[in-house]
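Notes to accompany the following structure.
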Amino acid sequence: SAGALAPPAKNVVVYRNGDPFFPGRKFVVNQRRFLTFEAFLNEVTKSIRAPLAVRNIYTPRHGRRIAELGDLQDGCQYVAAGFEKFKKHHWLAFFPTFHSCRSTGSSHALGCFYCSVFRNGDLLSPPFPLLLSKSNSLQWDALLATLTEKVNLRSGAVKKLCRLDGTQVSSGEELVNGDYYVAVGNEEYKKLPYFELLVPQDSARRMLWYIDCGQVV
């Protein structure tokens with residue numbers, strides 16, 4: 001029958017281009033709901049409340065353009081854009097390093113955890129989300145080097161990581177899942193209202209929910 005030949009439904013999560021706080025929208029893509037790729041783009045435009053009509057869908061890590069419904073992969077994440085240039089989501093792009101976290105469907109099962117890192121003295125930039133495995137976090141120098149590359153402190157290299165109260169973290173074993181930290185260079189830690197000013201509460205809760213539920217690609 002025709003029903004038996006229809007391809008299986010695909011579950012995908014779509015993010016807004018250049019919006020690090022948007023928690024994503026889940027879509028069930030099947031032939032009954034979307035006859036054409038154009039219909040899918042129109043639905044994405046409405047559902048994610050895009051400021052302009054969505055005209056392009058990209059993979060989050062490499063920015064590869066998706067041209068048709070058949071290119072969408074079940075269980076994967078994508079970025080929706082208009083005609084503007086694709087902007088890599090730092091936290092989405094960072095996650096594929098840790099494929100092992102995804103296989104059980106839970107970020108905790110294999111010792112993976114998530115935290116967010118602010119830039120010392122910077123009340124304009126959102127925190128950088130960081131997903132780590134326990135084995136990765138034990139390599140403290142490597143972690144600081146990664147933060148130096150990703151966070152782009154005005155003062156240069158990241159030399160230390162502090163809690164929001166200013167106390168210093170000296171090893172990966174001290175990092176707590178879901179907590180917020182501040183990346184600091186050689187300068188003194190600057191105690192500022194990072195969390196209150198830079199983290200929209202609803203978005204933060206939903207973003208952590210996606211991660212805990214294994215939405216890591």
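In the structure tokens, the first chain shown is A, the next is B, and so on; residue numbers restart at 1 for each chain, and ligands run from 1 in the order shown.
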
At a cut-off of 10 Å, using only C-alpha atoms, what residues contact Leu52 (chain A)? Leave out same-chain residues fewer than 5 positions from it and give the result as an MDAnalysis selection string. chainID A and resid 45:46 81:84

Ranking A:Gly178, A:Gly172, A:Pro129, A:Gly121 by minimum distance to Tyr194 (chain A) and counting only C-alpha atoms, which one comes first? A:Gly121

Need the shell around region 56-62 of chain A: protein/DNA/RNA residues with any atom at most 6 Å away, counting only C-alpha atoms. Skip same-chain ones fewer than 3 positions apart. Format as a count of residues only? 8

What separation in Å, quoted to one decimal, exists between CA of Gly166 (chain A) and CA of Leu192 (chain A)?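 Calculated distance between CA of Gly166 (chain A) and CA of Leu192 (chain A) is 9.8 Å.
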
Which of these, A:Pro126, A:Gly156, A:Pro7, A:Gly18, has the shortest distance to Glu196 (chain A) once you count only C-alpha atoms?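 Selected residue with least distance to Glu196 (chain A): A:Pro126.
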
State, in Å with one decimal place, the distance from CA of Gln77 (chain A) to CA of Lys10 (chain A).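 Interatomic distance here is 11.3 Å.
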
Spatial neighbours of region 32-39 of chain A, 8 Å, only C-alpha atoms, chain gap at least 5 places, as a PyMOL selection string: chain A and resi 67-69

Could you pull the residues within 10 Å of region 188-190 of chain A, counting only C-alpha atoms, minus those fewer than 5 positions along the same chain, as a list of chain:residue names? A:Arg119, A:Asn120, A:Gly121, A:Asp122, A:Lys160, A:Leu161, A:Cys162, A:Arg163, A:Leu164, A:Asp165, A:Gly166, A:Thr167, A:Gln168, A:Val182, A:Ala183
